[in-house]
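In what follows, a single structure is set out as C-alpha coordinates and then discussed.
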Amino acid sequence: DLFAIDWSGWQPGQPVPVGLFEGHDILVALDHDSRVTEDLVVQVMTHWLERGIDGWRLDAAYAVPPAFWARVLPRVRERFPDAWFSGEVIHGDAAAIARDSTMDSLTQYELWQGIWHGIADGNGHELAHAIERHDALLATFAPTTFVGNHDVTRIASAVGERFAGHAAAVLFTVAGTPVVYAGDEYGWTGVKEEREGGDDAVRPEFPAEVPAPTDLTHAYEALIALRRRNPWLHRAHTDVVHLTNTAVVLRTATADAAVVTALNLSDDPVEVPVADATQVEAGGADLGDGTLRLPAGGWAVLSRS
(Lines give C-alpha, C1' and ligand atoms only; values in the text may rest on other atoms or scores of the structure.)
Protein backbone atom coordinates (compact mmCIF):
# COMPACT_ATOMS: atom_id res chain seq x y z
CA ASP A 1 0.00 0.00 0.00
CA LEU A 2 3.00 2.34 0.18
CA PHE A 3 3.85 2.31 -3.49
CA ALA A 4 2.34 3.67 -6.71
CA ILE A 5 1.89 0.45 -8.68
CA ASP A 6 -0.19 -0.09 -11.81
CA TRP A 7 -1.27 -3.75 -11.61
CA SER A 8 -3.36 -3.67 -14.78
CA GLY A 9 -2.06 -6.29 -17.23
CA TRP A 10 0.59 -7.54 -14.83
CA GLN A 11 1.36 -11.28 -14.85
CA PRO A 12 3.25 -13.30 -12.22
CA GLY A 13 6.94 -13.44 -13.05
CA GLN A 14 6.97 -10.01 -14.66
CA PRO A 15 8.72 -7.05 -13.02
CA VAL A 16 6.41 -5.16 -10.68
CA PRO A 17 5.29 -2.00 -12.58
CA VAL A 18 6.04 0.49 -9.83
CA GLY A 19 6.11 4.20 -10.61
CA LEU A 20 9.32 6.23 -10.58
CA PHE A 21 9.63 9.47 -8.66
CA GLU A 22 10.34 12.25 -11.20
CA GLY A 23 11.53 9.58 -13.65
CA HIS A 24 14.50 8.46 -11.53
CA ASP A 25 14.86 4.68 -11.71
CA ILE A 26 16.50 4.57 -8.27
CA LEU A 27 13.56 6.33 -6.58
CA VAL A 28 10.35 4.35 -6.22
CA ALA A 29 7.21 6.50 -6.26
CA LEU A 30 5.02 6.41 -3.19
CA ASP A 31 1.23 6.30 -3.39
CA HIS A 32 0.28 9.71 -2.02
CA ASP A 33 -3.39 8.73 -1.87
CA SER A 34 -2.62 5.92 0.58
CA ARG A 35 -3.26 6.27 4.31
CA VAL A 36 -0.27 3.97 4.87
CA THR A 37 2.03 6.47 3.13
CA GLU A 38 0.49 9.33 5.09
CA ASP A 39 1.02 7.50 8.40
CA LEU A 40 4.64 6.71 7.53
CA VAL A 41 5.51 10.33 6.70
CA VAL A 42 3.85 11.55 9.91
CA GLN A 43 5.87 8.96 11.84
CA VAL A 44 9.16 10.01 10.23
CA MET A 45 8.50 13.71 10.84
CA THR A 46 7.51 13.33 14.47
CA HIS A 47 10.43 10.93 15.10
CA TRP A 48 12.95 13.68 14.35
CA LEU A 49 10.94 16.50 15.87
CA GLU A 50 10.95 14.50 19.12
CA ARG A 51 14.73 14.56 18.92
CA GLY A 52 14.93 18.34 18.74
CA ILE A 53 14.80 19.51 15.12
CA ASP A 54 12.78 22.65 14.46
CA GLY A 55 11.16 21.81 11.16
CA TRP A 56 11.46 20.26 7.73
CA ARG A 57 12.65 21.25 4.27
CA LEU A 58 10.44 19.19 1.96
CA ASP A 59 12.55 18.20 -1.04
CA ALA A 60 10.88 18.32 -4.47
CA ALA A 61 7.62 19.36 -2.82
CA TYR A 62 6.30 20.45 -6.23
CA ALA A 63 6.23 16.76 -7.26
CA VAL A 64 3.96 15.73 -4.38
CA PRO A 65 0.25 16.62 -4.44
CA PRO A 66 -0.49 19.57 -2.12
CA ALA A 67 -3.46 17.59 -0.78
CA PHE A 68 -1.02 15.04 0.66
CA TRP A 69 0.76 17.69 2.72
CA ALA A 70 -2.62 19.13 3.74
CA ARG A 71 -3.39 15.78 5.37
CA VAL A 72 0.07 15.16 6.85
CA LEU A 73 1.14 18.53 8.26
CA PRO A 74 -1.90 19.22 10.47
CA ARG A 75 -1.36 15.81 12.10
CA VAL A 76 2.27 16.69 12.81
CA ARG A 77 1.33 20.15 14.13
CA GLU A 78 -1.05 18.57 16.64
CA ARG A 79 2.04 17.43 18.54
CA PHE A 80 4.51 20.09 17.39
CA PRO A 81 2.57 23.32 16.81
CA ASP A 82 5.74 25.40 16.42
CA ALA A 83 7.36 23.20 13.77
CA TRP A 84 8.16 24.98 10.49
CA PHE A 85 7.73 23.43 7.05
CA SER A 86 9.30 24.85 3.89
CA GLY A 87 8.80 23.16 0.54
CA GLU A 88 11.21 23.13 -2.37
CA VAL A 89 9.08 24.47 -5.21
CA ILE A 90 10.82 25.41 -8.45
CA HIS A 91 7.81 26.30 -10.59
CA GLY A 92 4.03 26.58 -10.46
CA ASP A 93 1.51 28.79 -8.66
CA ALA A 94 3.39 29.35 -5.41
CA ALA A 95 0.54 31.06 -3.57
CA ALA A 96 -1.90 28.26 -4.44
CA ILE A 97 0.59 25.54 -3.50
CA ALA A 98 1.30 27.16 -0.13
CA ARG A 99 -2.39 27.65 0.56
CA ASP A 100 -3.50 24.17 -0.54
CA SER A 101 -0.63 22.30 1.12
CA THR A 102 -0.62 24.27 4.43
CA MET A 103 3.19 24.54 4.19
CA ASP A 104 4.57 27.57 6.01
CA SER A 105 6.91 28.61 3.21
CA LEU A 106 8.21 27.76 -0.25
CA THR A 107 11.59 28.34 -1.88
CA GLN A 108 11.65 31.57 -3.88
CA TYR A 109 13.39 30.60 -7.10
CA GLU A 110 11.90 33.51 -9.03
CA LEU A 111 13.53 36.04 -6.71
CA TRP A 112 16.84 34.15 -6.90
CA GLN A 113 16.73 34.38 -10.68
CA GLY A 114 15.84 38.06 -10.56
CA ILE A 115 18.76 38.82 -8.25
CA TRP A 116 21.18 36.70 -10.29
CA HIS A 117 20.23 37.93 -13.76
CA GLY A 118 19.50 41.48 -12.69
CA ILE A 119 22.98 41.88 -11.22
CA ALA A 120 24.92 39.74 -13.71
CA ASP A 121 23.31 41.37 -16.74
CA GLY A 122 23.26 44.91 -15.39
CA ASN A 123 19.48 44.91 -15.64
CA GLY A 124 18.00 46.63 -12.63
CA HIS A 125 14.54 46.43 -14.18
CA GLU A 126 14.56 42.62 -14.00
CA LEU A 127 15.56 42.79 -10.34
CA ALA A 128 12.81 45.32 -9.59
CA HIS A 129 10.20 43.19 -11.37
CA ALA A 130 11.19 40.11 -9.36
CA ILE A 131 10.92 42.05 -6.10
CA GLU A 132 7.46 43.34 -7.00
CA ARG A 133 6.28 39.79 -7.71
CA HIS A 134 7.95 38.65 -4.49
CA ASP A 135 5.99 41.21 -2.50
CA ALA A 136 2.73 39.90 -3.97
CA LEU A 137 3.33 36.52 -2.30
CA LEU A 138 3.39 38.06 1.19
CA ALA A 139 -0.39 38.10 1.35
CA THR A 140 -0.22 34.29 1.43
CA PHE A 141 3.14 33.34 2.96
CA ALA A 142 6.69 34.51 3.66
CA PRO A 143 8.97 32.80 1.11
CA THR A 144 12.23 31.02 1.86
CA THR A 145 14.77 33.25 0.13
CA PHE A 146 18.32 32.50 -1.02
CA VAL A 147 21.01 33.48 -3.48
CA GLY A 148 22.65 30.06 -3.49
CA ASN A 149 21.93 26.43 -2.68
CA HIS A 150 23.28 22.94 -3.37
CA ASP A 151 21.54 22.74 -6.76
CA VAL A 152 22.67 25.96 -8.44
CA THR A 153 25.85 27.76 -9.50
CA ARG A 154 27.51 29.58 -6.62
CA ILE A 155 26.40 33.19 -6.44
CA ALA A 156 29.99 34.50 -6.66
CA SER A 157 30.35 32.65 -9.96
CA ALA A 158 26.88 33.61 -11.19
CA VAL A 159 27.23 37.37 -10.71
CA GLY A 160 31.01 37.68 -10.41
CA GLU A 161 32.93 37.93 -7.16
CA ARG A 162 32.80 41.74 -7.37
CA PHE A 163 29.01 41.69 -7.02
CA ALA A 164 28.48 38.90 -4.47
CA GLY A 165 27.91 41.53 -1.76
CA HIS A 166 25.19 43.19 -3.85
CA ALA A 167 23.26 39.90 -3.97
CA ALA A 168 23.62 39.40 -0.22
CA ALA A 169 22.42 42.95 0.44
CA VAL A 170 19.18 42.30 -1.42
CA LEU A 171 18.72 38.90 0.23
CA PHE A 172 18.87 40.31 3.75
CA THR A 173 16.76 43.42 3.19
CA VAL A 174 13.66 42.05 1.46
CA ALA A 175 10.91 40.00 3.05
CA GLY A 176 11.16 36.28 3.63
CA THR A 177 13.26 33.80 5.57
CA PRO A 178 16.79 34.20 4.19
CA VAL A 179 19.00 31.12 3.95
CA VAL A 180 22.77 31.18 3.39
CA TYR A 181 24.35 28.27 1.52
CA ALA A 182 27.51 27.25 3.38
CA GLY A 183 30.57 28.86 1.82
CA ASP A 184 28.78 31.71 0.07
CA GLU A 185 29.73 33.95 2.98
CA TYR A 186 33.39 33.32 2.06
CA GLY A 187 32.81 33.93 -1.63
CA TRP A 188 33.33 30.32 -2.67
CA THR A 189 32.94 29.76 -6.40
CA GLY A 190 31.63 26.83 -8.43
CA VAL A 191 29.64 26.31 -11.60
CA LYS A 192 26.87 23.71 -11.87
CA GLU A 193 27.01 21.57 -15.01
CA GLU A 194 24.24 19.49 -16.56
CA ARG A 195 25.96 16.10 -16.40
CA GLU A 196 26.48 13.27 -13.93
CA GLY A 197 28.61 14.74 -11.18
CA GLY A 198 27.76 18.22 -12.37
CA ASP A 199 26.94 19.37 -8.83
CA ASP A 200 30.41 18.52 -7.48
CA ALA A 201 31.85 22.00 -7.96
CA VAL A 202 29.09 23.64 -5.91
CA ARG A 203 29.21 20.96 -3.18
CA PRO A 204 32.89 20.85 -2.20
CA GLU A 205 34.28 19.05 0.80
CA PHE A 206 34.49 21.39 3.77
CA PRO A 207 38.03 22.52 4.60
CA ALA A 208 39.71 21.02 7.64
CA GLU A 209 39.97 24.45 9.27
CA VAL A 210 37.62 27.43 9.26
CA PRO A 211 38.70 29.77 6.45
CA ALA A 212 39.96 33.23 7.27
CA PRO A 213 37.15 35.80 6.99
CA THR A 214 37.08 38.03 3.93
CA ASP A 215 35.51 41.43 3.31
CA LEU A 216 32.48 39.53 2.05
CA THR A 217 32.34 37.51 5.27
CA HIS A 218 32.26 40.71 7.29
CA ALA A 219 29.53 42.07 5.01
CA TYR A 220 27.45 38.96 5.75
CA GLU A 221 28.04 39.47 9.48
CA ALA A 222 26.80 43.06 9.26
CA LEU A 223 23.76 42.12 7.18
CA ILE A 224 22.78 39.25 9.48
CA ALA A 225 23.14 41.54 12.49
CA LEU A 226 20.92 44.11 10.77
CA ARG A 227 18.33 41.44 10.05
CA ARG A 228 18.29 40.30 13.66
CA ARG A 229 17.86 43.85 14.92
CA ASN A 230 14.92 44.36 12.55
CA PRO A 231 12.76 41.21 12.64
CA TRP A 232 9.90 43.12 11.00
CA LEU A 233 11.79 42.70 7.68
CA HIS A 234 10.35 39.16 7.58
CA ARG A 235 7.00 40.36 6.18
CA ALA A 236 7.65 43.97 5.14
CA HIS A 237 7.01 45.23 1.62
CA THR A 238 9.75 46.74 -0.53
CA ASP A 239 9.35 49.83 -2.73
CA VAL A 240 11.63 50.58 -5.67
CA VAL A 241 12.44 54.27 -5.19
CA HIS A 242 15.11 54.67 -7.87
CA LEU A 243 15.67 52.53 -10.95
CA THR A 244 17.96 52.46 -13.96
CA ASN A 245 19.65 49.48 -15.56
CA THR A 246 22.69 49.90 -13.33
CA ALA A 247 21.47 51.84 -10.28
CA VAL A 248 18.76 50.57 -7.95
CA VAL A 249 17.48 51.88 -4.63
CA LEU A 250 15.08 49.74 -2.60
CA ARG A 251 13.24 50.81 0.54
CA THR A 252 11.77 48.19 2.85
CA ALA A 253 9.75 49.79 5.60
CA THR A 254 6.98 49.88 8.16
CA ALA A 255 5.35 52.98 9.60
CA ASP A 256 8.12 53.20 12.21
CA ALA A 257 11.32 51.95 10.57
CA ALA A 258 13.03 51.68 7.21
CA VAL A 259 15.97 49.91 5.61
CA VAL A 260 17.34 51.20 2.30
CA THR A 261 19.45 49.16 -0.12
CA ALA A 262 21.41 50.93 -2.85
CA LEU A 263 23.21 49.10 -5.66
CA ASN A 264 25.58 50.43 -8.30
CA LEU A 265 26.21 47.91 -11.08
CA SER A 266 28.24 50.27 -13.28
CA ASP A 267 31.95 51.05 -13.56
CA ASP A 268 31.36 54.69 -12.65
CA PRO A 269 30.39 56.33 -9.35
CA VAL A 270 26.75 57.30 -9.06
CA GLU A 271 24.57 59.51 -6.89
CA VAL A 272 21.16 58.16 -5.88
CA PRO A 273 18.41 59.36 -3.53
CA VAL A 274 18.88 58.37 0.09
CA ALA A 275 15.14 57.67 0.62
CA ASP A 276 15.10 59.09 4.18
CA ALA A 277 17.89 56.84 5.50
CA THR A 278 20.24 58.42 8.04
CA GLN A 279 23.10 55.98 8.61
CA VAL A 280 25.11 53.37 6.71
CA GLU A 281 24.84 49.86 8.19
CA ALA A 282 26.83 47.80 5.67
CA GLY A 283 28.70 48.27 2.42
CA GLY A 284 30.34 51.55 1.55
CA ALA A 285 28.97 54.91 0.46
CA ASP A 286 29.09 58.61 1.25
CA LEU A 287 25.87 59.85 2.77
CA GLY A 288 25.08 63.44 1.96
CA ASP A 289 22.09 65.72 2.31
CA GLY A 290 19.35 63.69 0.63
CA THR A 291 21.75 61.82 -1.66
CA LEU A 292 24.02 58.83 -1.49
CA ARG A 293 27.26 58.59 -3.47
CA LEU A 294 28.17 55.02 -4.38
CA PRO A 295 31.59 54.15 -5.78
CA ALA A 296 31.95 52.19 -9.01
CA GLY A 297 30.47 48.74 -8.45
CA GLY A 298 29.50 49.72 -4.91
CA TRP A 299 26.59 48.93 -2.65
CA ALA A 300 25.28 50.05 0.71
CA VAL A 301 22.54 49.21 3.16
CA LEU A 302 21.26 52.04 5.31
CA SER A 303 18.71 52.53 8.05
CA ARG A 304 16.57 55.32 9.38
CA SER A 305 17.47 55.95 13.02
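By order of appearance in the C-alpha coordinates: chains A, B, ..., then residues from 1 within every chain, and ligands from 1 in the order shown.
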
Surrounding residues of stretch 30-38 of chain A excluding itself and chain neighbours under 2 positions, 6 Å, only C-alpha atoms, as a list in words:
Leu2, Phe3, Ala4, Leu40 and Val41 of chain A

Please produce a file of those selected residues containing N, CA and C atoms, as an mmCIF file, in the first residue's frame.
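File written: selection_22.cif
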data_model
loop_
_atom_site.group_PDB
_atom_site.id
_atom_site.type_symbol
_atom_site.label_atom_id
_atom_site.label_comp_id
_atom_site.auth_asym_id
_atom_site.auth_seq_id
_atom_site.Cartn_x
_atom_site.Cartn_y
_atom_site.Cartn_z
ATOM 1 N N LEU A 2 2.142 1.157 0.190
ATOM 2 C CA LEU A 2 3.004 2.339 0.183
ATOM 3 C C LEU A 2 3.284 2.854 -1.222
ATOM 4 N N PHE A 3 3.248 1.978 -2.201
ATOM 5 C CA PHE A 3 3.848 2.310 -3.491
ATOM 6 C C PHE A 3 2.816 2.537 -4.594
ATOM 7 N N ALA A 4 3.190 3.374 -5.555
ATOM 8 C CA ALA A 4 2.338 3.673 -6.709
ATOM 9 C C ALA A 4 2.586 2.600 -7.767
ATOM 10 N N LEU A 40 3.194 6.850 7.492
ATOM 11 C CA LEU A 40 4.645 6.710 7.530
ATOM 12 C C LEU A 40 5.328 8.076 7.579
ATOM 13 N N VAL A 41 4.886 9.009 6.741
ATOM 14 C CA VAL A 41 5.510 10.330 6.704
ATOM 15 C C VAL A 41 5.289 11.063 8.028
#

In stretch 87-178 of chain A, what's strand (DSSP E or B) per DSSP? Answer as a PyMOL selection string?
chain A and resi 87+105-107+144-146+177-178

Excluding A:Arg162 and its own-chain neighbours fewer than 6 positions away, which residues fall within 9 Å of it when counting only C-alpha atoms? Please give them as a VMD selection string.
chain A and resid 156 297 to 298

With N, CA, C and O atoms retained, could you export that selection as a PDB file, in the first residue's frame?
ATOM      1  N   ALA A 156      28.793  33.750  -6.271  1.00  0.00           N
ATOM      2  CA  ALA A 156      29.986  34.495  -6.655  1.00  0.00           C
ATOM      3  C   ALA A 156      30.398  34.185  -8.091  1.00  0.00           C
ATOM      4  O   ALA A 156      31.000  35.025  -8.766  1.00  0.00           O
ATOM      5  N   GLY A 297      30.729  50.106  -8.906  1.00  0.00           N
ATOM      6  CA  GLY A 297      30.474  48.738  -8.453  1.00  0.00           C
ATOM      7  C   GLY A 297      30.196  48.629  -6.969  1.00  0.00           C
ATOM      8  O   GLY A 297      30.389  47.559  -6.375  1.00  0.00           O
ATOM      9  N   GLY A 298      29.712  49.710  -6.358  1.00  0.00           N
ATOM     10  CA  GLY A 298      29.501  49.719  -4.912  1.00  0.00           C
ATOM     11  C   GLY A 298      28.080  49.400  -4.500  1.00  0.00           C
ATOM     12  O   GLY A 298      27.155  49.352  -5.330  1.00  0.00           O
TER      13      GLY A 298
END

Under the rule that only C-alpha atoms are counted, which of A:Gly284, A:Val18, A:Pro81, A:Pro74 is the nearest residue to A:Leu49?
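Among the listed residues, A:Pro81 lies closest to A:Leu49.
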
Alpha helix (DSSP H) per DSSP on the backbone: members of stretch 79-111 of chain A, as a PyMOL selection string
chain A and resi 79+94-101+109-111

I want to know what sits within 10 Å of A:Gln108, based on only C-alpha atoms, with residues of the same chain fewer than 6 positions away left out; could you give that as an NGL selection string?
:A and (87-91 or 94 or 134 or 137 or 142-147 or 176-178)

Find the residues of stretch 126-169 of chain A that sit at most 8 Å from stretch 193-207 of chain A; for each, write down the nearest two atoms and how far apart they are in Å, to one decimal. Count only C-alpha atoms. Sort by chain, then by number going up, and give it as JSON lines.
{"residue": "A:His150", "atom": "CA", "partner": "A:Arg203", "partner_atom": "CA", "distance": 6.3}
{"residue": "A:Asp151", "atom": "CA", "partner": "A:Asp199", "partner_atom": "CA", "distance": 6.7}
{"residue": "A:Val152", "atom": "CA", "partner": "A:Val202", "partner_atom": "CA", "distance": 7.3}
{"residue": "A:Thr153", "atom": "CA", "partner": "A:Val202", "partner_atom": "CA", "distance": 6.4}
{"residue": "A:Arg154", "atom": "CA", "partner": "A:Val202", "partner_atom": "CA", "distance": 6.2}

If we count only C-alpha atoms, what is near A:Trp84 at a cut-off of 9 Å, once residues fewer than 3 positions away on the same chain are taken out, given as an MDAnalysis selection string?
chainID A and resid 54:57 81 103:105

Ranking A:Ala253, A:Leu20, A:Leu216, A:Val241 by minimum distance to A:Glu161 and counting only C-alpha atoms, which one comes first?
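That would be A:Leu216, the residue with the smallest distance to A:Glu161.
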
Could you check which of A:Leu302, A:Ala296, A:Leu265, A:Leu106 is closest to A:Thr278, using only C-alpha atoms?
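Using only C-alpha atoms, A:Thr278 sits closest to A:Leu302.
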